[in-house]
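Engineer: You'll find final36.txt just under this line, and it carries compact mmCIF, C-alpha atoms.
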```txt
# COMPACT_ATOMS: atom_id res chain seq x y z
CA MET L 1 -24.48 -4.71 5.41
CA ASP L 2 -24.56 -3.07 2.00
CA GLU L 3 -23.29 -6.07 0.07
CA PRO L 4 -23.19 -4.56 -3.44
CA ALA L 5 -21.21 -1.56 -2.15
CA LEU L 6 -18.78 -3.81 -0.29
CA ILE L 7 -18.29 -5.95 -3.39
CA ARG L 8 -17.72 -2.85 -5.51
CA ASP L 9 -15.15 -1.48 -3.05
CA ALA L 10 -13.46 -4.87 -2.80
CA GLN L 11 -13.23 -5.02 -6.59
CA HIS L 12 -11.31 -1.76 -6.42
CA GLY L 13 -8.82 -3.40 -4.04
CA ASP L 14 -10.33 -2.37 -0.70
CA LEU L 15 -9.27 -5.21 1.59
CA ASP L 16 -11.38 -3.95 4.50
CA ALA L 17 -14.50 -4.21 2.38
CA PHE L 18 -13.58 -7.72 1.30
CA ASN L 19 -12.88 -8.76 4.89
CA SER L 20 -16.37 -7.58 5.87
CA LEU L 21 -17.72 -10.00 3.26
CA VAL L 22 -15.44 -12.73 4.61
CA LEU L 23 -16.84 -12.25 8.12
CA ALA L 24 -20.38 -12.45 6.77
CA TYR L 25 -19.84 -15.65 4.77
CA GLN L 26 -17.07 -17.53 6.52
CA ASP L 27 -19.43 -19.86 8.44
CA THR L 28 -21.27 -20.80 5.24
CA VAL L 29 -18.05 -21.37 3.35
CA TYR L 30 -16.49 -23.38 6.18
CA ASN L 31 -19.58 -25.59 6.61
CA THR L 32 -19.70 -26.32 2.90
CA ALA L 33 -16.04 -27.30 2.91
CA LEU L 34 -16.50 -29.37 6.06
CA ARG L 35 -19.39 -31.39 4.59
CA ILE L 36 -17.57 -32.03 1.34
CA LEU L 37 -14.16 -32.81 2.84
CA SER L 38 -15.27 -34.31 6.15
CA ASP L 39 -12.14 -32.99 7.83
CA GLU L 40 -11.98 -29.86 9.96
CA ASP L 41 -8.38 -28.91 9.18
CA LEU L 42 -8.76 -29.49 5.47
CA ALA L 43 -12.02 -27.57 5.51
CA ALA L 44 -10.33 -24.62 7.22
CA ASP L 45 -7.49 -24.71 4.68
CA ALA L 46 -9.93 -24.91 1.78
CA SER L 47 -11.97 -22.03 3.19
CA GLN L 48 -8.91 -19.83 3.51
CA GLU L 49 -7.80 -20.77 0.02
CA ALA L 50 -11.29 -20.06 -1.30
CA PHE L 51 -11.35 -16.55 0.16
CA LEU L 52 -7.90 -15.86 -1.20
CA SER L 53 -8.92 -17.07 -4.66
CA ALA L 54 -12.14 -15.08 -4.39
CA PHE L 55 -10.22 -11.88 -3.66
CA ARG L 56 -7.90 -12.45 -6.59
CA ALA L 57 -10.72 -13.30 -8.97
CA LEU L 58 -13.17 -10.73 -7.66
CA ASN L 59 -13.19 -8.82 -10.92
CA SER L 60 -14.60 -11.87 -12.64
CA TYR L 61 -17.74 -11.60 -10.49
CA ARG L 62 -20.46 -10.22 -12.76
CA GLY L 63 -23.40 -9.81 -10.42
CA GLY L 64 -25.96 -12.40 -9.29
CA SER L 65 -25.80 -14.21 -5.97
CA PHE L 66 -22.47 -13.48 -4.32
CA ARG L 67 -23.08 -16.37 -1.94
CA ALA L 68 -23.41 -18.77 -4.87
CA TRP L 69 -20.28 -17.32 -6.44
CA LEU L 70 -18.35 -17.84 -3.19
CA LEU L 71 -19.66 -21.40 -2.85
CA ARG L 72 -18.46 -22.09 -6.35
CA THR L 73 -14.99 -20.92 -5.30
CA VAL L 74 -14.98 -23.07 -2.19
CA THR L 75 -16.20 -26.06 -4.21
CA ASN L 76 -13.20 -25.67 -6.47
CA ALA L 77 -10.91 -25.43 -3.45
CA CYS L 78 -12.49 -28.60 -2.04
CA TYR L 79 -11.94 -30.46 -5.31
CA ASP L 80 -8.29 -29.39 -5.17
CA GLU L 81 -8.03 -30.70 -1.61
CA LEU L 82 -9.71 -33.97 -2.56
CA ARG L 83 -7.27 -34.45 -5.44
CA ARG L 84 -4.36 -33.71 -3.11
CA LYS L 85 -5.78 -36.09 -0.52
CA LYS L 86 -6.08 -38.79 -3.15
CA ARG L 87 -2.43 -38.36 -4.13
CA ARG L 88 -1.20 -38.30 -0.52
CA PRO L 89 -3.63 -40.14 1.75
CA THR L 90 -3.16 -39.35 5.44
CA THR L 91 -4.40 -40.80 8.72
CA PRO L 92 -5.90 -38.14 10.97
CA LEU L 93 -4.56 -37.99 14.48
CA GLU L 94 -7.21 -37.77 17.20
CA PRO L 95 -6.20 -36.40 20.60
CA ASP L 96 -5.56 -38.98 23.32
CA SER L 97 -7.54 -39.29 26.54
CA ASP L 98 -5.97 -39.88 29.97
CA ASP L 99 -6.12 -43.61 29.29
CA GLY L 100 -4.19 -43.16 26.12
CA GLU L 101 -7.21 -43.79 23.89
CA GLU L 102 -8.18 -41.57 21.02
CA VAL L 103 -10.96 -39.06 21.63
CA GLU L 104 -13.19 -38.66 18.60
CA SER L 105 -15.04 -35.58 19.84
CA PRO L 106 -12.56 -33.40 21.70
CA ARG L 107 -13.84 -31.19 24.50
CA TRP L 108 -12.99 -27.95 22.76
CA LEU L 109 -15.40 -28.71 19.92
CA ALA L 110 -18.39 -28.68 22.26
CA ASP L 111 -20.90 -25.84 21.95
CA PRO L 112 -21.17 -24.36 25.47
CA SER L 113 -24.58 -22.84 24.76
CA ALA L 114 -26.36 -26.19 24.29
CA SER L 115 -27.47 -28.51 27.08
CA PRO L 116 -25.81 -31.95 27.26
CA GLU L 117 -28.91 -33.62 25.75
CA GLN L 118 -29.12 -31.13 22.92
CA GLN L 119 -25.42 -31.45 22.38
CA LEU L 120 -25.73 -35.22 22.17
CA GLU L 121 -28.63 -35.04 19.71
CA ARG L 122 -26.77 -32.57 17.59
CA GLU L 123 -23.64 -34.69 17.53
CA GLU L 124 -25.55 -37.85 16.66
CA LEU L 125 -27.39 -36.18 13.82
CA GLU L 126 -24.25 -34.60 12.50
CA HIS L 127 -22.37 -37.85 12.74
CA ALA L 128 -25.11 -39.77 10.92
CA ILE L 129 -25.38 -37.22 8.13
CA GLN L 130 -21.65 -36.93 7.68
CA HIS L 131 -21.25 -40.70 7.66
CA CYS L 132 -23.83 -40.99 4.87
CA LEU L 133 -22.38 -38.07 2.94
CA ASP L 134 -18.94 -39.68 3.10
CA ALA L 135 -20.38 -42.82 1.53
CA LEU L 136 -21.33 -40.82 -1.57
CA PRO L 137 -18.98 -40.19 -4.49
CA ALA L 138 -17.42 -36.71 -4.28
CA ASP L 139 -19.45 -35.35 -7.22
CA PHE L 140 -22.74 -36.47 -5.70
CA ARG L 141 -21.74 -35.20 -2.29
CA THR L 142 -20.95 -31.76 -3.65
CA VAL L 143 -24.30 -31.48 -5.36
CA VAL L 144 -26.20 -32.55 -2.25
CA VAL L 145 -24.26 -30.19 0.00
CA LEU L 146 -24.81 -27.22 -2.30
CA ALA L 147 -28.48 -27.95 -3.04
CA ASP L 148 -29.85 -29.38 0.20
CA ILE L 149 -27.53 -28.09 2.91
CA GLN L 150 -26.69 -24.67 1.46
CA GLY L 151 -29.99 -24.26 -0.37
CA LEU L 152 -28.69 -23.19 -3.81
CA ASP L 153 -31.04 -23.61 -6.77
CA TYR L 154 -30.23 -25.97 -9.62
CA THR L 155 -28.78 -23.30 -11.85
CA GLU L 156 -26.43 -22.09 -9.13
CA VAL L 157 -25.38 -25.64 -8.30
CA ALA L 158 -24.73 -26.32 -11.98
CA ARG L 159 -22.57 -23.20 -12.20
CA ALA L 160 -20.71 -24.05 -8.99
CA ALA L 161 -20.06 -27.67 -9.92
CA ARG L 162 -19.48 -26.79 -13.58
CA VAL L 163 -21.76 -29.51 -14.90
CA PRO L 164 -24.94 -29.29 -17.00
CA LEU L 165 -28.30 -28.78 -15.35
CA GLY L 166 -29.52 -32.24 -16.36
CA THR L 167 -26.54 -33.82 -14.63
CA ILE L 168 -27.34 -31.91 -11.47
CA LYS L 169 -30.93 -33.20 -11.47
CA SER L 170 -29.77 -36.74 -11.98
CA ARG L 171 -27.01 -36.61 -9.36
CA LEU L 172 -29.23 -34.97 -6.79
CA ALA L 173 -31.98 -37.55 -7.21
CA ARG L 174 -29.58 -40.45 -6.90
CA ALA L 175 -27.77 -38.90 -3.98
CA ARG L 176 -31.02 -38.33 -2.09
CA LEU L 177 -32.06 -41.89 -2.69
CA ARG L 178 -28.78 -43.25 -1.39
CA LEU L 179 -28.83 -40.94 1.58
CA ARG L 180 -32.34 -42.05 2.45
CA GLU L 181 -31.22 -45.68 2.48
CA CYS L 182 -28.13 -44.86 4.51
CA LEU L 183 -29.96 -42.74 7.07
CA GLN L 184 -32.47 -45.58 7.63
CA ALA L 185 -29.63 -47.44 9.33
CA PHE L 186 -29.32 -44.62 11.83
CA ARG L 187 -33.03 -44.43 12.48
CA GLU L 188 -32.72 -45.54 16.11
CA LEU L 189 -29.74 -43.35 16.73
CA LEU L 190 -31.36 -40.20 15.41
CA PRO L 191 -33.16 -37.98 17.89
CA ALA L 192 -36.96 -38.13 17.81
CA ALA L 193 -37.26 -34.86 15.97
CA PHE L 194 -35.17 -36.18 13.10
CA ARG L 195 -36.57 -39.72 12.73
CA LEU L 196 -37.18 -39.76 8.99
CA GLU L 197 -40.89 -39.39 9.42
CA LYS L 198 -43.25 -37.50 7.25
CA GLU L 199 -42.19 -33.94 6.84
CA SER L 200 -45.03 -31.66 7.90
CA GLY L 201 -44.50 -28.88 5.49
CA LEU L 202 -43.62 -28.88 1.85
CA MET Q 203 -48.11 -50.34 -9.54
CA LYS Q 204 -44.47 -50.94 -10.25
CA THR Q 205 -41.17 -49.96 -8.70
CA PRO Q 206 -40.21 -46.42 -9.76
CA THR Q 207 -37.43 -46.25 -12.31
CA LEU Q 208 -34.39 -44.02 -11.96
CA ARG Q 209 -36.01 -41.66 -14.41
CA ASP Q 210 -39.05 -41.47 -12.13
CA ILE Q 211 -36.82 -40.74 -9.14
CA GLU Q 212 -35.16 -37.88 -11.03
CA ARG Q 213 -38.55 -36.46 -11.90
CA LEU Q 214 -39.75 -36.80 -8.32
CA SER Q 215 -36.62 -35.07 -7.03
CA ALA Q 216 -37.08 -32.20 -9.48
CA PHE Q 217 -40.78 -32.05 -8.61
CA LEU Q 218 -39.83 -31.75 -4.94
CA ASP Q 219 -37.65 -28.75 -5.71
CA GLY Q 220 -40.20 -27.14 -8.03
CA GLN Q 221 -37.93 -27.61 -11.04
CA LEU Q 222 -40.48 -29.31 -13.31
CA SER Q 223 -42.51 -27.41 -15.86
CA ARG Q 224 -46.15 -26.89 -15.03
CA ALA Q 225 -47.29 -29.52 -17.52
CA ASP Q 226 -44.76 -32.11 -16.32
CA ALA Q 227 -45.64 -31.39 -12.71
CA ALA Q 228 -49.37 -31.86 -13.36
CA ARG Q 229 -48.72 -35.15 -15.17
CA LEU Q 230 -46.53 -36.44 -12.34
CA GLU Q 231 -49.03 -35.39 -9.68
CA SER Q 232 -51.77 -37.39 -11.35
CA ARG Q 233 -49.47 -40.44 -11.44
CA ILE Q 234 -48.54 -40.02 -7.77
CA LYS Q 235 -52.22 -40.05 -6.81
CA THR Q 236 -52.72 -43.43 -8.43
CA ASP Q 237 -49.30 -45.01 -7.80
CA ARG Q 238 -48.48 -45.81 -4.16
CA GLU Q 239 -44.91 -46.75 -4.90
CA LEU Q 240 -44.33 -43.43 -6.54
CA ALA Q 241 -45.91 -41.61 -3.57
CA ALA Q 242 -43.71 -43.58 -1.15
CA ALA Q 243 -40.59 -42.73 -3.16
CA LEU Q 244 -41.54 -39.07 -3.08
CA ASP Q 245 -41.89 -39.29 0.70
CA ASP Q 246 -38.48 -40.90 0.99
CA LEU Q 247 -36.84 -38.16 -1.02
CA ARG Q 248 -38.66 -35.49 0.94
CA GLN Q 249 -37.55 -36.94 4.27
CA ALA Q 250 -33.96 -37.28 3.17
CA ARG Q 251 -33.98 -33.66 2.09
CA ALA Q 252 -35.54 -32.60 5.39
CA VAL Q 253 -32.78 -34.29 7.38
CA LEU Q 254 -30.08 -32.71 5.23
CA ARG Q 255 -31.62 -29.30 5.68
CA ARG Q 256 -31.34 -29.73 9.42
CA THR Q 257 -27.66 -30.47 9.31
CA PRO Q 258 -26.10 -28.61 12.26
CA GLN Q 259 -24.13 -25.59 11.19
CA ARG Q 260 -20.78 -25.08 12.82
CA ARG Q 261 -19.05 -21.81 13.42
CA ALA Q 262 -15.82 -21.23 11.58
CA PRO Q 263 -12.93 -22.24 13.86
CA ARG Q 264 -11.10 -19.00 13.12
CA ASN Q 265 -11.32 -15.86 11.07
CA PHE Q 266 -10.53 -16.23 7.39
CA THR Q 267 -9.97 -12.53 6.85
CA LEU Q 268 -7.03 -11.70 4.62
CA THR Q 269 -4.01 -9.66 5.59
CA PRO Q 270 -2.38 -7.36 3.04
CA LYS Q 271 0.53 -9.79 2.90
CA MET Q 272 -1.76 -12.74 2.08
CA ALA Q 273 -3.58 -10.71 -0.51
CA GLY Q 274 -0.28 -9.62 -2.03
CA ILE Q 275 -1.09 -5.95 -1.60
CA LYS Q 276 1.95 -3.68 -1.49
CA PRO Q 277 2.01 -0.30 0.24
CA PRO Q 278 0.94 2.52 -2.05
CA VAL Q 279 3.74 4.20 -3.93
CA PRO Q 280 4.33 7.75 -2.65
CA ARG Q 281 3.59 10.67 -4.99
CA ALA Q 282 7.27 11.54 -5.14
CA ALA Q 283 8.09 8.03 -6.34
CA PRO Q 284 9.10 8.95 -9.90
CA VAL Q 285 11.78 11.23 -8.50
CA LEU Q 286 12.73 9.07 -5.54
CA SER Q 287 12.98 5.91 -7.60
CA TRP Q 288 16.09 7.44 -9.16
CA ALA Q 289 17.49 8.46 -5.78
CA SER Q 290 20.05 5.68 -5.58
CA ALA Q 291 21.23 6.27 -9.15
CA VAL Q 292 21.55 10.01 -8.58
CA ALA Q 293 23.31 9.41 -5.28
CA MET Q 294 25.76 7.15 -7.08
CA LEU Q 295 26.31 9.88 -9.66
CA PHE Q 296 26.99 12.37 -6.88
CA PHE Q 297 29.47 9.97 -5.37
CA VAL Q 298 31.29 9.59 -8.69
CA CYS Q 299 31.30 13.37 -9.05
CA THR Q 300 32.78 13.64 -5.57
CA LEU Q 301 35.57 11.27 -6.44
CA GLY Q 302 36.13 12.94 -9.79
CA THR Q 303 36.24 16.43 -8.32
CA ASN Q 304 38.64 15.31 -5.65
CA LEU Q 305 40.97 13.70 -8.14
CA LEU Q 306 40.88 16.63 -10.56
CA GLY Q 307 41.48 18.99 -7.65
CA ARG Q 308 44.63 17.12 -6.68
CA LEU Q 309 45.95 17.14 -10.21
CA SER Q 310 45.20 20.80 -10.89
CA PHE Q 311 46.32 22.23 -7.54
CA GLY Q 312 49.31 19.96 -7.28
CA ALA Q 313 49.93 20.34 -3.57
CA PRO Q 314 49.24 16.80 -2.63
CA ALA Q 315 51.42 15.60 -5.50
CA SER Q 316 54.39 17.67 -4.21
CA LEU Q 317 53.86 16.24 -0.78
CA ALA Q 318 53.85 12.79 -2.25
CA ALA Q 319 57.17 13.51 -3.92
CA ALA Q 320 58.69 15.12 -0.85
CA PRO Q 321 59.97 12.02 0.90
CA SER Q 322 62.29 11.14 -1.97
CA GLY Q 323 63.67 14.63 -1.93
CA MET Q 324 64.08 14.62 1.77
CA GLY Q 325 66.09 11.47 1.58
CA GLY Q 326 69.13 13.45 0.41
CA GLY Q 327 68.94 15.88 3.29
CA TYR Q 328 68.48 13.26 5.89
CA GLY Q 329 71.16 10.94 4.71
CA GLY Q 330 72.64 10.73 8.18
CA GLY Q 331 76.04 11.93 7.07
CA PRO Q 332 77.50 15.24 8.08
CA ALA Q 333 75.77 18.07 6.42
CA ASP Q 334 77.78 20.44 4.32
CA THR Q 335 76.95 23.59 2.53
CA ASN Q 336 75.80 21.71 -0.51
CA ALA Q 337 73.13 20.11 1.52
CA THR Q 338 71.42 23.43 1.92
CA GLN Q 339 70.43 23.47 -1.73
CA PRO Q 340 66.91 22.28 -2.22
CA PRO Q 341 66.77 18.94 -3.93
CA ALA Q 342 66.16 19.02 -7.59
CA SER Q 343 63.19 16.80 -7.28
CA VAL Q 344 61.47 19.30 -5.05
CA GLU Q 345 62.11 22.07 -7.44
CA SER Q 346 60.81 20.18 -10.36
CA ALA Q 347 57.75 19.12 -8.43
CA LEU Q 348 56.90 22.68 -7.54
CA PRO Q 349 56.16 24.48 -10.71
CA GLY Q 350 56.22 28.15 -10.20
CA THR Q 351 58.24 28.04 -7.06
CA ALA Q 352 61.56 27.67 -8.80
CA THR Q 353 62.10 28.64 -12.39
CA PRO Q 354 65.27 28.15 -14.36
CA GLU Q 355 65.65 31.94 -14.44
CA ALA Q 356 65.30 32.32 -10.71
CA PRO Q 357 68.49 32.79 -8.72
CA PRO Q 358 69.75 29.65 -7.11
CA TYR Q 359 68.39 29.11 -3.72
CA GLN Q 360 70.69 29.92 -0.85
CA ALA Q 361 70.04 28.71 2.59
CA PRO Q 362 70.16 31.26 5.38
CA GLY Q 363 72.94 31.75 7.88
CA PRO Q 364 73.03 28.59 9.91
CA THR Q 365 74.35 26.60 7.02
CA ILE Q 366 77.30 28.95 6.32
CA ALA Q 367 80.50 28.07 7.96
CA ALA Q 368 81.18 30.44 10.81
CA PRO Q 369 84.70 31.80 10.56
CA GLY Q 370 86.61 32.15 13.71
CA MET Q 371 84.49 29.96 15.84
CA GLY Q 372 86.97 27.98 17.90
CA GLY Q 373 88.99 27.01 14.89
CA ALA Q 374 86.45 24.64 13.81
CA GLU Q 375 87.39 24.63 10.23
CA GLY Q 376 84.85 23.36 7.85
CA TYR Q 377 82.35 23.04 10.64
CA SER Q 378 78.91 23.67 9.61
CA THR Q 379 75.76 23.47 11.64
CA PRO Q 380 73.32 20.84 10.61
CA ALA Q 381 70.53 22.27 8.66
CA PRO Q 382 67.17 22.35 10.36
CA GLU Q 383 64.85 19.77 8.95
CA THR Q 384 62.14 22.13 7.87
CA ARG Q 385 64.36 24.38 6.01
CA ALA Q 386 65.75 21.59 3.93
CA VAL Q 387 62.46 21.04 2.14
CA GLN Q 388 60.50 24.23 2.41
CA PRO Q 389 61.16 27.05 0.02
CA PRO Q 390 61.86 30.36 1.63
CA GLU Q 391 58.85 32.51 2.33
CA THR Q 392 60.68 35.52 0.99
CA THR Q 393 60.36 34.25 -2.52
CA GLY Q 394 56.62 34.80 -2.30
CA ASN Q 395 55.92 31.65 -4.34
CA LYS Q 396 54.31 29.62 -1.55
CA ARG Q 397 50.51 29.40 -1.82
CA ALA Q 398 48.07 28.32 0.91
CA GLU Q 399 46.52 25.01 -0.10
CA PRO Q 400 42.97 25.81 -1.25
CA VAL Q 401 39.99 23.87 0.09
CA ASN Q 402 37.89 22.35 -2.69
CA PRO Q 403 34.22 22.54 -1.55
CA TRP Q 404 32.62 20.43 -4.30
CA PRO Q 405 33.19 16.96 -2.82
CA TYR Q 406 31.41 18.07 0.34
CA ILE Q 407 28.56 19.58 -1.66
CA TRP Q 408 28.08 16.39 -3.69
CA LEU Q 409 28.19 14.20 -0.61
CA GLY Q 410 25.71 16.43 1.19
CA LEU Q 411 23.31 16.31 -1.75
CA ALA Q 412 23.55 12.52 -1.96
CA ALA Q 413 22.91 12.10 1.76
CA ALA Q 414 19.95 14.49 1.64
CA LEU Q 415 18.43 12.68 -1.33
CA ILE Q 416 18.76 9.21 0.18
CA GLY Q 417 17.51 10.44 3.54
CA SER Q 418 14.41 12.03 2.06
CA ALA Q 419 13.66 8.91 -0.02
CA MET Q 420 13.86 6.68 3.05
CA LEU Q 421 11.72 9.07 5.09
CA VAL Q 422 8.96 9.22 2.50
CA ARG Q 423 8.97 5.44 2.07
CA TRP Q 424 8.83 4.84 5.83
CA ALA Q 425 5.97 7.29 6.29
CA GLY Q 426 4.00 5.65 3.47
CA LYS Q 427 4.48 2.15 4.89
CA ARG Q 428 3.49 3.27 8.37
CA ALA Q 429 0.28 4.85 7.15
CA PHE Q 430 -0.52 1.73 5.10
CA ARG Q 431 0.07 -0.63 8.05
CA ARG Q 432 -2.17 1.45 10.28
CA LYS Q 433 -4.95 1.42 7.72
CA ALA Q 434 -4.69 -2.22 6.68
CA SER Q 435 -4.66 -3.94 10.07
CA PRO Q 436 -7.08 -6.97 9.89
CA LYS Q 437 -10.44 -6.82 11.59
CA GLN Q 438 -11.25 -8.95 14.60
CA LYS Q 439 -14.02 -11.48 14.64
CA PRO Q 440 -17.16 -9.96 16.24
```
Give the structure from the file, written as structure tokens.

Structural biologist:
Amino acid sequence: MDEPALIRDAQHGDLDAFNSLVLAYQDTVYNTALRILSDEDLAADASQEAFLSAFRALNSYRGGSFRAWLLRTVTNACYDELRRKKRRPTTPLEPDSDDGEEVESPRWLADPSASPEQQLEREELEHAIQHCLDALPADFRTVVVLADIQGLDYTEVARAARVPLGTIKSRLARARLRLRECLQAFRELLPAAFRLEKESGL
Amino acid sequence: MKTPTLRDIERLSAFLDGQLSRADAARLESRIKTDRELAAALDDLRQARAVLRRTPQRRAPRNFTLTPKMAGIKPPVPRAAPVLSWASAVAMLFFVCTLGTNLLGRLSFGAPASLAAAPSGMGGGYGGGPADTNATQPPASVESALPGTATPEAPPYQAPGPTIAAPGMGGAEGYSTPAPETRAVQPPETTGNKRAEPVNPWPYIWLGLAAALIGSAMLVRWAGKRAFRRKASPKQKP
């Protein structure tokens, strides 16, 4: 994929070129929104809104990491969703089982390529991380998601979150500390490979 | 050894990400070597980051590609747009011209106006009463409505034979045959004043032009939209 050429064409109004970029980045954008919002439907809405805003504001892109620029757009969309959610809090409806009880992990969300054990490990890890992320304030959560989950550098995170670099350093350190404490509670639940033991490589 | 402060934690976090200057990093490293608490805090941060980096990535539940409608893109304007954008206005002008030509034609040629006046003139001839020789005179209204067909200098119109009382026909004194209806209103052909009603072609020309203009505008617009739709259909997820 010739990203600079696609961006250039998209800036001239070529929707096909922009849609090629959407297909390349939609998983990244959706996962970022999902971790910040902790809601699949809201994350999908925010992702769609982010791509729409990105297309409209594409001429404001002045080079650099396009991925970081897109993540900045989705971060803004997530903040909008969070503000909306705050104004109109809702209770999510989970699908019912045959017994009439709510199913937290519906069948259609399962990844068919993974074995049941792998699937279980994956779900437990994801659940633990999301639970701890949800316990963080939204500003901290955004910084952690962008820096540690999406791997942006401090400057890119600062640009995406629109806060000074020093604030990013501070928020990230505090967020990591809180997450460490929170994840300790899930130590037994986490699969062996993820048991908060010494990381081999740094 | 003492519990690391929040400032220490910030430094450790930045150190972990390689965001400290070389001098600051060297200073912190020397502290970590001597301070167990600081080393333990660094391990905690490192492990938390490792777990976060292994967060399972989900696939997007659907495609987020944009359609032209979502993006607010309109079909490209055809090259003939500057001309065609005035098509409706020009067509309206043609229509007004058609009406105007028609009306002027009626007034100048006069035939329709004479026909419009005819019923009042015919009323005298069709009064239902017995017709007499006087009834054979064309009504004054008809004469006045037909300029050129009857002038004051022209000899008074006389109806042909059927209206003249036939002497010696069974003693029917004063009998006169009823005048045929057509002859009561139509001037005699022998006068040579009757003209064939001319057909005015301009209304049809204007209408034809208007229809052609609107038709071509619609055709060009439709072709442009069709080409745009074909080109801008959204891609499918691979």

Engineer: Would you kindly report the residues of chain L within 6 Å of chain Q, using all atoms listed in the file, as a PyMOL selection string?

Structural biologist: chain L and resi 19+22+27+30+48+148-149+170+173+176+180+196

Engineer: I'd like the interatomic distance between CA of Met1 in chain L and CA of Asp14 in chain L, to a tenth of an Å.

Structural biologist: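 Here the two named atoms are 15.6 Å from each other.
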
Engineer: Which polymer residues have any atom within 9 Å of an atom of Arg171 in chain L, counting all atoms listed in the file, with same-chain residues fewer than 4 positions away left out, as a ChimeraX atom specification?

Structural biologist: /L:139-141,143-144,166-167,175-176 /Q:212

Engineer: Take the selection from the previous step and output its residues with C-alpha atoms, as a PDB file, in the coordinates of the input.

Structural biologist:
```pdb
ATOM      1  CA  ASP L 139     -19.450 -35.350  -7.220  1.00  0.00           C
ATOM      2  CA  PHE L 140     -22.740 -36.470  -5.700  1.00  0.00           C
ATOM      3  CA  ARG L 141     -21.740 -35.200  -2.290  1.00  0.00           C
ATOM      4  CA  VAL L 143     -24.300 -31.480  -5.360  1.00  0.00           C
ATOM      5  CA  VAL L 144     -26.200 -32.550  -2.250  1.00  0.00           C
ATOM      6  CA  GLY L 166     -29.520 -32.240 -16.360  1.00  0.00           C
ATOM      7  CA  THR L 167     -26.540 -33.820 -14.630  1.00  0.00           C
ATOM      8  CA  ALA L 175     -27.770 -38.900  -3.980  1.00  0.00           C
ATOM      9  CA  ARG L 176     -31.020 -38.330  -2.090  1.00  0.00           C
TER      10      ARG L 176
ATOM     11  CA  GLU Q 212     -35.160 -37.880 -11.030  1.00  0.00           C
TER      12      GLU Q 212
END
```

Engineer: If you measure from CA of Leu240 in chain Q to CA of Thr207 in chain Q, what distance in Å do you get, rounded to one decimal?

Structural biologist: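 Pair CA of Leu240 in chain Q / CA of Thr207 in chain Q returns 9.4 Å.
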
Engineer: Enter the distance from CA of Arg178 in chain L to CA of Asn31 in chain L, in Å, rounded to one decimal.

Structural biologist: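 Result for CA of Arg178 in chain L versus CA of Asn31 in chain L: 21.5 Å, one decimal.
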
Engineer: How big is the axis-aligned box around all listed atoms of range 212-215 of chain Q once 3 Å goes on each side, and where's its centre, in Å to one decimal, as AutoDock Vina command-line options?

Structural biologist:
```
--center_x -37.5 --center_y -36.5 --center_z -9.5 --size_x 10.6 --size_y 8.8 --size_z 10.9
```

Engineer: Write out as a list in words which residues come within 10 Å of Tyr406 in chain Q when counting all atoms listed in the file, dropping same-chain ones fewer than 5 positions away.

Structural biologist: Thr300, Asn304, Leu411 and Ala412 of chain Q

Engineer: Can you write out the residues you just picked, keeping C-alpha atoms, as an mmCIF file, in the coordinates of the input?

Structural biologist:
```cif
data_model
loop_
_atom_site.group_PDB
_atom_site.id
_atom_site.type_symbol
_atom_site.label_atom_id
_atom_site.label_comp_id
_atom_site.auth_asym_id
_atom_site.auth_seq_id
_atom_site.Cartn_x
_atom_site.Cartn_y
_atom_site.Cartn_z
ATOM 1 C CA THR Q 300 32.780 13.640 -5.570
ATOM 2 C CA ASN Q 304 38.640 15.310 -5.650
ATOM 3 C CA LEU Q 411 23.310 16.310 -1.750
ATOM 4 C CA ALA Q 412 23.550 12.520 -1.960
#
```
